[in-house]
file coords_7.txt (compact mmCIF, C-alpha atoms and all ligand atoms)
# COMPACT_ATOMS: atom_id res chain seq x y z
CA MET A 1 5.80 20.73 11.89
CA LEU A 2 7.44 18.80 9.06
CA ILE A 3 5.34 17.39 6.21
CA THR A 4 7.07 15.12 3.69
CA LYS A 5 5.80 14.00 0.30
CA PRO A 6 7.39 11.78 -2.35
CA SER A 7 9.15 13.60 -5.19
CA TYR A 8 6.35 12.71 -7.67
CA TYR A 9 3.50 13.79 -5.37
CA TYR A 10 2.56 16.94 -7.26
CA ASP A 11 2.82 15.20 -10.65
CA PHE A 12 -0.41 13.33 -9.96
CA SER A 13 -3.47 14.32 -11.87
CA CYS A 14 -6.51 12.07 -12.32
CA ILE A 15 -6.70 10.76 -15.89
CA ALA A 16 -10.49 10.21 -15.53
CA GLY A 17 -11.87 8.89 -18.87
CA SER A 18 -8.46 7.41 -19.83
CA CYS A 19 -8.17 5.48 -16.57
CA PRO A 20 -7.90 1.71 -17.21
CA ASP A 21 -9.62 1.08 -13.86
CA SER A 22 -11.68 3.51 -11.82
CA CYS A 23 -12.00 4.37 -8.17
CA CYS A 24 -15.78 4.40 -8.84
CA LYS A 25 -15.72 0.62 -9.51
CA GLU A 26 -16.10 -2.23 -7.03
CA TRP A 27 -15.39 -0.21 -3.86
CA ALA A 28 -18.19 0.73 -1.49
CA VAL A 29 -17.11 4.30 -0.69
CA GLN A 30 -17.12 5.24 2.97
CA VAL A 31 -18.82 8.63 3.37
CA ASP A 32 -17.72 10.94 6.21
CA ALA A 33 -20.37 12.05 8.70
CA ALA A 34 -20.57 15.71 7.53
CA SER A 35 -20.98 14.73 3.85
CA ALA A 36 -23.54 12.03 4.73
CA GLU A 37 -25.60 14.58 6.65
CA ARG A 38 -25.43 17.04 3.77
CA TYR A 39 -26.30 14.38 1.16
CA ARG A 40 -29.30 13.12 3.15
CA ALA A 41 -30.66 16.67 3.47
CA LEU A 42 -30.39 17.55 -0.24
CA PRO A 43 -33.63 18.43 -2.01
CA GLY A 44 -34.62 17.21 -5.49
CA ALA A 45 -33.79 14.13 -7.53
CA LEU A 46 -30.14 13.93 -6.43
CA GLY A 47 -31.12 14.04 -2.74
CA GLU A 48 -33.76 11.37 -3.30
CA ARG A 49 -31.25 9.11 -5.05
CA LEU A 50 -28.65 9.64 -2.34
CA ARG A 51 -31.15 8.74 0.37
CA GLU A 52 -31.79 5.51 -1.55
CA VAL A 53 -28.14 4.47 -1.90
CA LEU A 54 -26.56 5.57 1.38
CA HIS A 55 -26.68 3.06 4.17
CA THR A 56 -25.16 2.81 7.61
CA GLU A 57 -23.22 -0.22 8.85
CA ASP A 58 -21.51 -0.38 12.26
CA GLY A 59 -21.82 3.39 12.60
CA GLU A 60 -20.19 4.07 9.19
CA THR A 61 -22.09 5.42 6.20
CA VAL A 62 -21.26 3.81 2.87
CA MET A 63 -22.49 4.24 -0.69
CA THR A 64 -24.10 1.01 -1.93
CA ILE A 65 -22.46 -0.47 -5.01
CA GLU A 66 -24.85 -1.11 -7.93
CA ASN A 67 -23.84 -3.25 -10.91
CA GLY A 68 -20.25 -3.14 -9.70
CA ARG A 69 -20.11 0.67 -9.71
CA CYS A 70 -20.73 3.63 -7.47
CA PRO A 71 -24.36 4.66 -8.10
CA MET A 72 -23.19 8.28 -8.58
CA TRP A 73 -21.09 7.27 -11.61
CA ARG A 74 -22.60 8.56 -14.90
CA GLN A 75 -22.31 7.03 -18.34
CA ASP A 76 -20.04 9.92 -19.42
CA GLY A 77 -17.57 8.87 -16.69
CA LEU A 78 -18.29 11.86 -14.45
CA CYS A 79 -19.44 11.76 -10.85
CA ARG A 80 -23.03 12.98 -10.48
CA ILE A 81 -22.30 14.73 -7.15
CA GLN A 82 -19.33 16.58 -8.62
CA ALA A 83 -21.20 17.43 -11.83
CA GLU A 84 -24.29 18.82 -10.06
CA LEU A 85 -22.81 20.33 -6.89
CA GLY A 86 -19.12 20.93 -7.67
CA GLU A 87 -15.91 19.31 -6.44
CA GLU A 88 -16.24 20.75 -2.92
CA ALA A 89 -19.35 18.59 -2.40
CA LEU A 90 -17.42 15.33 -2.77
CA CYS A 91 -17.05 13.30 0.41
CA LYS A 92 -13.59 13.16 2.04
CA THR A 93 -12.74 9.75 0.56
CA CYS A 94 -13.42 10.85 -3.03
CA ARG A 95 -11.89 14.31 -2.57
CA GLU A 96 -8.61 12.88 -1.25
CA PHE A 97 -8.16 9.62 -3.18
CA PRO A 98 -5.47 8.57 -4.08
CA ARG A 99 -3.66 10.84 -1.62
CA LEU A 100 -2.53 9.16 1.61
CA THR A 101 -1.76 10.79 4.94
CA HIS A 102 0.10 9.24 7.88
CA ASP A 103 -0.14 11.69 10.75
CA TYR A 104 2.23 10.89 13.62
CA GLY A 105 1.35 13.99 15.62
CA ASP A 106 4.53 16.03 15.31
CA PHE A 107 5.24 15.05 11.70
CA VAL A 108 3.14 13.99 8.74
CA GLU A 109 4.02 11.77 5.80
CA MET A 110 1.91 12.04 2.68
CA GLY A 111 1.92 9.85 -0.41
CA LEU A 112 -0.12 8.36 -3.20
CA GLU A 113 -1.99 5.05 -3.17
CA LEU A 114 -0.78 2.34 -5.49
CA SER A 115 -4.37 1.21 -6.12
CA CYS A 116 -4.92 4.13 -8.53
CA PRO A 117 -3.44 3.27 -11.96
CA GLU A 118 -2.05 6.75 -12.58
CA ALA A 119 -0.54 6.93 -9.10
CA ALA A 120 0.90 3.41 -9.64
CA ARG A 121 2.57 4.61 -12.85
CA LEU A 122 4.20 7.51 -10.98
CA ILE A 123 5.17 5.44 -7.91
CA LEU A 124 6.71 2.58 -9.87
CA THR A 125 8.53 4.55 -12.55
CA ALA A 126 9.97 7.40 -10.46
CA ALA A 127 13.72 7.23 -9.88
CA PRO A 128 14.69 7.19 -6.19
CA ALA A 129 14.80 10.85 -5.11
CA PRO A 130 14.68 12.81 -1.86
CA ASP A 131 11.23 13.62 -0.49
CA ILE A 132 9.70 17.08 -0.76
CA ARG A 133 9.92 18.66 2.72
CA GLU A 134 7.54 21.37 3.84
CA GLU A 135 7.60 23.06 7.26
CA ILE A 136 4.36 24.45 8.59
CA PRO A 137 4.00 26.52 11.77
CA GLY A 138 3.12 24.69 14.99
CA ALA A 139 4.81 22.05 17.15
CA PRO A 140 2.24 19.43 18.18
CA GLU A 141 3.18 16.63 20.54
CA ALA A 142 4.64 13.34 19.27
CA GLU A 143 2.02 10.58 19.52
CA TYR A 144 4.42 7.64 19.70
CA ASP A 145 7.40 6.14 21.48
CA THR A 146 10.13 8.58 20.40
CA ASP A 147 13.06 6.17 20.98
CA ALA A 148 11.42 3.46 18.88
CA MET A 149 10.56 5.99 16.15
CA ALA A 150 14.17 7.19 16.02
CA VAL A 151 15.34 3.59 15.39
CA LEU A 152 12.59 3.02 12.81
CA LYS A 153 13.41 6.21 10.92
CA ALA A 154 17.14 5.42 10.85
CA THR A 155 16.62 1.79 9.80
CA ARG A 156 14.06 2.75 7.15
CA GLU A 157 16.58 5.09 5.62
CA THR A 158 19.16 2.28 5.49
CA ALA A 159 16.55 -0.04 3.94
CA LEU A 160 15.59 2.57 1.31
CA ASN A 161 19.26 3.18 0.47
CA LEU A 162 19.75 -0.57 0.07
CA LEU A 163 16.79 -0.72 -2.31
CA ALA A 164 18.10 2.27 -4.29
CA GLU A 165 21.66 0.99 -4.77
CA GLY A 166 21.04 -0.84 -8.06
CA ASN A 167 24.42 -2.65 -8.03
CA ARG A 168 23.05 -6.18 -7.52
CA PRO A 169 20.39 -8.36 -9.12
CA VAL A 170 16.92 -7.37 -7.86
CA SER A 171 16.37 -10.77 -6.20
CA GLU A 172 19.57 -10.41 -4.16
CA THR A 173 18.59 -6.91 -3.07
CA LEU A 174 15.23 -8.25 -1.85
CA ALA A 175 16.96 -11.09 0.02
CA LEU A 176 19.19 -8.48 1.67
CA LEU A 177 16.12 -6.49 2.67
CA LEU A 178 14.83 -9.54 4.54
CA LEU A 179 18.16 -10.02 6.33
CA TYR A 180 18.44 -6.32 7.10
CA GLY A 181 14.86 -6.36 8.42
CA CYS A 182 15.95 -9.03 10.90
CA GLN A 183 18.89 -6.87 12.05
CA ALA A 184 16.63 -3.78 12.26
CA GLN A 185 14.13 -5.70 14.42
CA GLY A 186 16.98 -6.54 16.80
CA GLU A 187 17.93 -2.85 16.94
CA LEU A 188 14.33 -1.92 17.64
CA ASP A 189 14.41 -4.46 20.49
CA GLY A 190 17.48 -2.80 21.99
CA ASP A 191 20.51 -4.29 20.19
CA GLU A 192 23.38 -1.96 19.48
CA ILE A 193 23.00 -0.15 16.14
CA ARG A 194 25.67 -1.36 13.72
CA PRO A 195 26.42 -1.01 10.00
CA PHE A 196 24.81 -3.61 7.75
CA ASP A 197 27.32 -6.00 6.20
CA ALA A 198 25.62 -6.86 2.90
CA ASP A 199 28.27 -9.34 1.73
CA ALA A 200 28.12 -11.37 4.94
CA ALA A 201 24.30 -11.19 4.90
CA LEU A 202 24.18 -12.48 1.34
CA GLU A 203 26.39 -15.44 2.28
CA GLU A 204 24.08 -16.17 5.22
CA ALA A 205 21.00 -15.83 3.01
CA THR A 206 22.41 -18.25 0.43
CA ALA A 207 23.20 -20.81 3.14
CA LEU A 208 19.72 -20.48 4.65
CA ALA A 209 17.69 -20.65 1.39
CA LYS A 210 15.48 -23.71 0.86
CA SER A 211 13.44 -24.23 -2.25
CA GLY A 212 10.23 -22.23 -2.03
CA ASP A 213 6.82 -22.91 -3.47
CA PRO A 214 5.28 -20.11 -5.59
CA GLN A 215 2.06 -22.15 -5.90
CA ALA A 216 1.70 -22.09 -2.10
CA VAL A 217 1.97 -18.29 -2.25
CA THR A 218 -0.85 -17.94 -4.79
CA ASP A 219 -2.92 -20.53 -2.89
CA PHE A 220 -2.59 -18.45 0.27
CA PHE A 221 -3.78 -15.31 -1.55
CA SER A 222 -6.69 -17.23 -3.10
CA GLY A 223 -7.91 -17.85 0.44
CA LEU A 224 -8.12 -14.13 1.27
CA GLU A 225 -11.06 -11.84 0.50
CA ILE A 226 -11.26 -11.22 -3.25
CA LEU A 227 -12.86 -8.12 -4.77
CA THR A 228 -12.64 -8.63 -8.54
CA PRO A 229 -12.95 -11.61 -10.90
CA GLN A 230 -9.69 -10.53 -12.60
CA TRP A 231 -7.77 -11.07 -9.35
CA GLU A 232 -9.32 -14.49 -8.84
CA GLN A 233 -8.31 -15.43 -12.37
CA ARG A 234 -4.76 -14.08 -12.00
CA LEU A 235 -4.28 -16.14 -8.85
CA LYS A 236 -5.58 -19.28 -10.59
CA GLU A 237 -3.32 -18.84 -13.60
CA PRO A 238 -0.11 -17.03 -12.61
CA ALA A 239 2.14 -16.09 -15.53
CA TYR A 240 5.34 -16.51 -13.45
CA GLY A 241 7.08 -13.25 -14.31
CA THR A 242 10.51 -12.12 -13.20
CA PHE A 243 11.89 -9.51 -10.83
CA SER A 244 12.56 -6.15 -12.44
CA PRO A 245 13.36 -2.56 -11.41
CA ILE A 246 9.58 -2.17 -10.98
CA THR A 247 9.77 -4.78 -8.19
CA LEU A 248 12.38 -2.67 -6.43
CA ALA A 249 10.21 0.45 -6.82
CA LEU A 250 7.33 -1.54 -5.29
CA ALA A 251 9.57 -2.56 -2.37
CA ARG A 252 10.56 1.11 -1.85
CA TYR A 253 6.91 2.20 -1.85
CA LEU A 254 5.94 -0.49 0.67
CA THR A 255 8.98 0.23 2.85
CA GLN A 256 8.19 3.93 2.87
CA ARG A 257 4.55 3.24 3.72
CA TYR A 258 4.71 0.44 6.30
CA TRP A 259 8.11 0.53 8.07
CA LEU A 260 7.29 3.26 10.60
CA GLN A 261 3.95 1.63 11.42
CA ALA A 262 5.91 -0.81 13.58
CA VAL A 263 5.94 1.96 16.19
CA SER A 264 2.40 0.83 17.07
CA ASP A 265 3.36 -2.72 18.17
CA TYR A 266 7.19 -2.96 17.82
CA ASP A 267 6.80 -5.74 15.24
CA LEU A 268 8.92 -4.58 12.32
CA TYR A 269 9.92 -7.98 11.00
CA CYS A 270 6.39 -9.08 10.08
CA ARG A 271 6.08 -5.86 8.04
CA VAL A 272 9.38 -6.53 6.28
CA LYS A 273 8.09 -10.00 5.42
CA PHE A 274 4.82 -8.45 4.23
CA ILE A 275 6.88 -6.28 1.84
CA LEU A 276 8.79 -9.33 0.56
CA ILE A 277 5.67 -11.48 0.20
CA SER A 278 3.96 -8.68 -1.75
CA CYS A 279 6.93 -8.28 -4.12
CA LEU A 280 7.10 -12.04 -4.60
CA LEU A 281 3.40 -12.31 -5.36
CA VAL A 282 3.48 -9.51 -7.93
CA SER A 283 6.42 -11.12 -9.73
CA VAL A 284 4.86 -14.62 -9.56
CA LEU A 285 1.63 -13.29 -11.10
CA GLY A 286 3.61 -11.73 -13.96
CA GLY A 287 1.95 -9.70 -16.71
CA ASP A 288 2.49 -5.95 -16.88
CA PRO A 289 4.18 -5.34 -13.50
CA ILE A 290 2.61 -1.91 -12.99
CA ALA A 291 -0.92 -3.14 -13.71
CA THR A 292 -0.33 -6.24 -11.54
CA ALA A 293 0.97 -4.14 -8.64
CA GLN A 294 -2.02 -1.77 -8.95
CA LEU A 295 -4.47 -4.67 -8.85
CA TYR A 296 -2.57 -6.22 -5.93
CA SER A 297 -2.91 -2.93 -4.04
CA LYS A 298 -6.62 -2.63 -4.76
CA GLU A 299 -7.22 -6.18 -3.53
CA ILE A 300 -4.80 -6.29 -0.62
CA GLU A 301 -3.68 -2.89 0.62
CA ASN A 302 -7.17 -1.44 0.60
CA ASN A 303 -8.60 -4.29 2.63
CA ILE A 304 -7.40 -4.15 6.22
CA ASP A 305 -8.53 -7.75 6.86
CA ASN A 306 -6.30 -8.95 4.02
CA VAL A 307 -3.32 -6.92 5.26
CA GLU A 308 -3.74 -8.32 8.77
CA ALA A 309 -4.07 -11.88 7.45
CA ILE A 310 -0.71 -11.48 5.67
CA LEU A 311 0.96 -9.95 8.73
CA ASP A 312 -0.22 -12.96 10.77
CA ALA A 313 0.79 -15.45 8.07
CA ALA A 314 4.25 -13.86 7.81
CA TYR A 315 5.19 -15.85 10.93
CA ALA A 316 2.78 -18.74 10.82
CA HIS A 317 2.39 -19.89 7.19
CA PRO A 318 4.84 -22.60 5.99
CA ALA A 319 5.27 -20.88 2.60
CA PHE A 320 6.54 -17.72 4.30
CA THR A 321 9.30 -19.03 6.56
CA ASP A 322 12.57 -17.14 6.07
CA ASP A 323 14.30 -20.07 4.36
CA ARG A 324 11.41 -20.59 1.88
CA LEU A 325 11.17 -16.87 1.08
CA LEU A 326 14.93 -16.76 0.50
CA GLY A 327 14.65 -19.86 -1.65
CA MET A 328 12.21 -18.07 -3.95
CA LEU A 329 14.55 -15.08 -4.15
CA LEU A 330 17.85 -16.92 -4.46
CA PRO A 331 17.18 -20.04 -6.52
S1 LIG U 1 -8.35 5.48 -10.09
FE1 LIG U 1 -7.01 7.30 -10.12
S2 LIG U 1 -6.79 7.91 -12.29
FE2 LIG U 1 -8.52 6.43 -12.12
S3 LIG U 1 -10.35 7.69 -11.96
FE3 LIG U 1 -9.68 7.25 -9.83
S4 LIG U 1 -8.25 8.92 -9.23
FE4 LIG U 1 -8.56 9.04 -11.47
call {"tool": "encode", "arguments": {"input": "coords_7.txt", "output": "structure tokens"}}
result
Amino acid sequence: MLITKPSYYYDFSCIAGSCPDSCCKEWAVQVDAASAERYRALPGALGERLREVLHTEDGETVMTIENGRCPMWRQDGLCRIQAELGEEALCKTCREFPRLTHDYGDFVEMGLELSCPEAARLILTAAPAPDIREEIPGAPEAEYDTDAMAVLKATRETALNLLAEGNRPVSETLALLLLYGCQAQGELDGDEIRPFDADAALEEATALAKSGDPQAVTDFFSGLEILTPQWEQRLKEPAYGTFSPITLALARYLTQRYWLQAVSDYDLYCRVKFILISCLLVSVLGGDPIATAQLYSKEIENNIDNVEAILDAAYAHPAFTDDRLLGMLLP
């Protein structure tokens, strides 16, 4: 079975006390069943404290947040569970974060989550490079429509190559991604696979573009679930930044992560628009693009309700029609 990982995967190491954010802040950590059982059975002061702070909602056990932090977080920045019981006692979420796994049955794609500041630095500053490929014994069954997956893999590669070319302004490359996403959706629906004509697509994009409304984009995001006061503030007072190579790296990360997920419902185009909307938002908010993208990920990517709201709005919201999106990319 093939396992792929991005080229920077093994460069990640938690920067703990130097981290400008923390995965022990704001999030209510979901605790896997085996760890929850172990924690609830622990003797002594740690066990007592864990029994106080673990609670079960809809069949899932979560650690209650206290004063905006995980209650296991200590003043010295260390995790109390790890300090007293060792790293192996951490629950699955804490042991794995920020490592991501997409298991498709007969192949696995691993990555890092943008919501961790150190992972965000690696993801958004790494030059485009081939993935690390590792073969492990075993040939499990594919758990998807193999014809659709073949189209998605081929079109994702074309999209990633487009985003890695670097011979056009960033905004034009993003506009081309939208147009190519439209072609790729057609191919997923059964159209003949054909080369992408970037010059013709750019002409079409320029003709289609209508002036967009960045304020409508931030207004839409203000209506989603918000985790931190910083995010609320950033949405109220966007700094209107510009597109940069970091934006392209963000688009590559999102393309790598979400493109193949269209195998679940055959809707690739709403995911392509999700990628574009995310890149637009991060550039509209401005500030340090890596820190903005990390905060975006913490607020949006790690909240499935928010992701689904954007996927729905990709077709329905007036700010996100193709012509308006193109208008914000190709002024
Ligand atoms: S967010 Fe990332 S770098 Fe920061 S403490 Fe968590 S794993 Fe470490």
call {"tool": "residues_near_ligand", "arguments": {"input": "coords_7.txt", "ligand": "ligand LIG 1 (chain U)", "cutoff": "12 Å", "atoms": "all atoms listed in the file", "output": "number ranges by chain"}}
result
A: 12-27, 70, 73, 77-79, 93-99, 112-122, 291, 294-295, 297-298
call {"tool": "axis_aligned_box", "arguments": {"input": "coords_7.txt", "around": "segment 214-229 of chain A", "padding_each_side": "3 Å", "output": "lines of an AutoDock Vina configuration file"}}
result
center_x = -3.8
center_y = -15.1
center_z = -4.8
size_x = 24.2
size_y = 20.0
size_z = 18.2
call {"tool": "closest_residue", "arguments": {"input": "coords_7.txt", "among": "A:Ala216, A:Leu227, A:Leu177, A:Met110", "to": "Leu160 of chain A", "atoms": "only C-alpha atoms"}}
result
A:Leu177
call {"tool": "residues_around", "arguments": {"input": "coords_7.txt", "residues": "Arg257 of chain A", "least_positions_apart": "4", "cutoff": "9 Å", "atoms": "only C-alpha atoms", "output": "JSON, numbers by chain"}}
result
{"A": [102, 109, 111, 252, 253, 261]}
call {"tool": "write_last_selection", "arguments": {"input": "coords_7.txt", "atoms": "C-alpha atoms", "output": "short mmCIF file (atom, residue, chain, number, x, y, z; two decimals), keeping the file's coordinate frame"}}
result
data_model
loop_
_atom_site.label_atom_id
_atom_site.label_comp_id
_atom_site.auth_asym_id
_atom_site.auth_seq_id
_atom_site.Cartn_x
_atom_site.Cartn_y
_atom_site.Cartn_z
CA HIS A 102 0.10 9.24 7.88
CA GLU A 109 4.02 11.77 5.80
CA GLY A 111 1.92 9.85 -0.41
CA ARG A 252 10.56 1.11 -1.85
CA TYR A 253 6.91 2.20 -1.85
CA GLN A 261 3.95 1.63 11.42
#
call {"tool": "atom_distance", "arguments": {"input": "coords_7.txt", "atom1": "atom CA of Glu143 of chain A", "atom2": "atom CA of Asp103 of chain A"}}
result
9.1 Å
call {"tool": "closest_residue", "arguments": {"input": "coords_7.txt", "among": "A:Asp267, A:Glu141, A:Asp213, A:Glu203", "to": "Leu179 of chain A", "atoms": "only C-alpha atoms"}}
result
A:Glu203
call {"tool": "atom_distance", "arguments": {"input": "coords_7.txt", "atom1": "atom CA of Leu46 of chain A", "atom2": "atom CA of Glu60 of chain A"}}
result
21.0 Å
call {"tool": "closest_residue", "arguments": {"input": "coords_7.txt", "among": "A:Leu90, A:Ala207, A:Ile300, A:Leu311", "to": "Arg38 of chain A", "atoms": "all atoms listed in the file"}}
result
A:Leu90
call {"tool": "closest_residue", "arguments": {"input": "coords_7.txt", "among": "A:Glu192, A:Asp197, A:Glu187, A:Asp147", "to": "Leu162 of chain A", "atoms": "all atoms listed in the file"}}
result
A:Asp197
call {"tool": "closest_residue", "arguments": {"input": "coords_7.txt", "among": "A:Ser278, A:Thr101, A:Asn306, A:Gln215", "to": "Lys5 of chain A", "atoms": "all atoms listed in the file"}}
result
A:Thr101
call {"tool": "closest_residue", "arguments": {"input": "coords_7.txt", "among": "A:Cys270, A:Arg234, A:Pro195, A:Glu87", "to": "Thr292 of chain A", "atoms": "all atoms listed in the file"}}
result
A:Arg234
call {"tool": "atom_distance", "arguments": {"input": "coords_7.txt", "atom1": "atom CA of Glu299 of chain A", "atom2": "atom CA of Tyr269 of chain A"}}
result
22.5 Å
call {"tool": "residues_around", "arguments": {"input": "coords_7.txt", "residues": "Phe196 of chain A", "least_positions_apart": "3", "cutoff": "10 Å", "atoms": "only C-alpha atoms", "output": "ChimeraX atom specification"}}
result
/A:158-159,162,176,179-180,183-184,193,199-201
call {"tool": "closest_atom_pairs", "arguments": {"input": "coords_7.txt", "of": "segment 248-305 of chain A", "to": "segment 219-225 of chain A", "cutoff": "12 Å", "atoms": "all atoms listed in the file", "output": "tab-separated table"}}
result
residue	atom	partner	partner_atom	distance
A:Ile277	CA	A:Phe221	CA	10.3
A:Ser278	CA	A:Phe221	CA	10.2
A:Leu280	CA	A:Phe221	CA	11.8
A:Leu281	CA	A:Phe221	CA	8.7
A:Val282	CA	A:Phe221	CA	11.3
A:Val284	CA	A:Phe221	CA	11.8
A:Leu285	CA	A:Phe221	CA	11.2
A:Tyr296	CA	A:Phe221	CA	10.2
A:Lys298	CA	A:Glu225	CA	11.5
A:Glu299	CA	A:Glu225	CA	7.9
A:Ile300	CA	A:Glu225	CA	8.4
A:Glu301	CA	A:Glu225	CA	11.6
A:Asn302	CA	A:Glu225	CA	11.1
A:Asn303	CA	A:Glu225	CA	8.2
A:Ile304	CA	A:Glu225	CA	10.3
A:Asp305	CA	A:Glu225	CA	8.0
call {"tool": "build_atoms", "arguments": {"input": "coords_7.txt", "residues": "segment 24-37 of chain A", "atoms": "N, CA, C and O atoms", "output": "PDB file, in the coordinates of the input"}}
result
ATOM      1  N   CYS A  24     -14.314   4.469  -8.993  1.00  0.00           N
ATOM      2  CA  CYS A  24     -15.780   4.400  -8.840  1.00  0.00           C
ATOM      3  C   CYS A  24     -16.273   2.971  -9.092  1.00  0.00           C
ATOM      4  O   CYS A  24     -17.469   2.734  -9.204  1.00  0.00           O
ATOM      5  N   LYS A  25     -15.335   2.023  -9.265  1.00  0.00           N
ATOM      6  CA  LYS A  25     -15.720   0.620  -9.510  1.00  0.00           C
ATOM      7  C   LYS A  25     -15.435  -0.226  -8.291  1.00  0.00           C
ATOM      8  O   LYS A  25     -14.409  -0.051  -7.642  1.00  0.00           O
ATOM      9  N   GLU A  26     -16.298  -1.148  -8.027  1.00  0.00           N
ATOM     10  CA  GLU A  26     -16.100  -2.230  -7.030  1.00  0.00           C
ATOM     11  C   GLU A  26     -16.062  -1.795  -5.561  1.00  0.00           C
ATOM     12  O   GLU A  26     -16.545  -2.496  -4.712  1.00  0.00           O
ATOM     13  N   TRP A  27     -15.500  -0.617  -5.259  1.00  0.00           N
ATOM     14  CA  TRP A  27     -15.390  -0.210  -3.860  1.00  0.00           C
ATOM     15  C   TRP A  27     -16.675   0.410  -3.361  1.00  0.00           C
ATOM     16  O   TRP A  27     -17.259   1.271  -4.032  1.00  0.00           O
ATOM     17  N   ALA A  28     -17.091   0.037  -2.158  1.00  0.00           N
ATOM     18  CA  ALA A  28     -18.190   0.730  -1.490  1.00  0.00           C
ATOM     19  C   ALA A  28     -17.561   1.919  -0.750  1.00  0.00           C
ATOM     20  O   ALA A  28     -16.832   1.729   0.215  1.00  0.00           O
ATOM     21  N   VAL A  29     -17.786   3.115  -1.250  1.00  0.00           N
ATOM     22  CA  VAL A  29     -17.110   4.300  -0.690  1.00  0.00           C
ATOM     23  C   VAL A  29     -17.655   4.622   0.697  1.00  0.00           C
ATOM     24  O   VAL A  29     -18.869   4.685   0.907  1.00  0.00           O
ATOM     25  N   GLN A  30     -16.727   4.829   1.614  1.00  0.00           N
ATOM     26  CA  GLN A  30     -17.120   5.240   2.970  1.00  0.00           C
ATOM     27  C   GLN A  30     -17.323   6.752   2.957  1.00  0.00           C
ATOM     28  O   GLN A  30     -16.452   7.492   2.513  1.00  0.00           O
ATOM     29  N   VAL A  31     -18.478   7.197   3.437  1.00  0.00           N
ATOM     30  CA  VAL A  31     -18.820   8.630   3.370  1.00  0.00           C
ATOM     31  C   VAL A  31     -18.684   9.227   4.770  1.00  0.00           C
ATOM     32  O   VAL A  31     -19.260   8.710   5.742  1.00  0.00           O
ATOM     33  N   ASP A  32     -17.920  10.317   4.891  1.00  0.00           N
ATOM     34  CA  ASP A  32     -17.720  10.940   6.210  1.00  0.00           C
ATOM     35  C   ASP A  32     -19.046  11.509   6.729  1.00  0.00           C
ATOM     36  O   ASP A  32     -19.982  11.791   5.957  1.00  0.00           O
ATOM     37  N   ALA A  33     -19.106  11.691   8.050  1.00  0.00           N
ATOM     38  CA  ALA A  33     -20.370  12.050   8.700  1.00  0.00           C
ATOM     39  C   ALA A  33     -20.942  13.377   8.174  1.00  0.00           C
ATOM     40  O   ALA A  33     -22.151  13.484   7.906  1.00  0.00           O
ATOM     41  N   ALA A  34     -20.071  14.388   7.975  1.00  0.00           N
ATOM     42  CA  ALA A  34     -20.570  15.710   7.530  1.00  0.00           C
ATOM     43  C   ALA A  34     -21.159  15.597   6.120  1.00  0.00           C
ATOM     44  O   ALA A  34     -22.230  16.156   5.831  1.00  0.00           O
ATOM     45  N   SER A  35     -20.468  14.863   5.230  1.00  0.00           N
ATOM     46  CA  SER A  35     -20.980  14.730   3.850  1.00  0.00           C
ATOM     47  C   SER A  35     -22.275  13.923   3.863  1.00  0.00           C
ATOM     48  O   SER A  35     -23.233  14.255   3.146  1.00  0.00           O
ATOM     49  N   ALA A  36     -22.330  12.857   4.685  1.00  0.00           N
ATOM     50  CA  ALA A  36     -23.540  12.030   4.730  1.00  0.00           C
ATOM     51  C   ALA A  36     -24.733  12.871   5.178  1.00  0.00           C
ATOM     52  O   ALA A  36     -25.834  12.771   4.604  1.00  0.00           O
ATOM     53  N   GLU A  37     -24.504  13.728   6.154  1.00  0.00           N
ATOM     54  CA  GLU A  37     -25.600  14.580   6.650  1.00  0.00           C
ATOM     55  C   GLU A  37     -26.069  15.525   5.547  1.00  0.00           C
ATOM     56  O   GLU A  37     -27.254  15.693   5.302  1.00  0.00           O
TER      57      GLU A  37
END
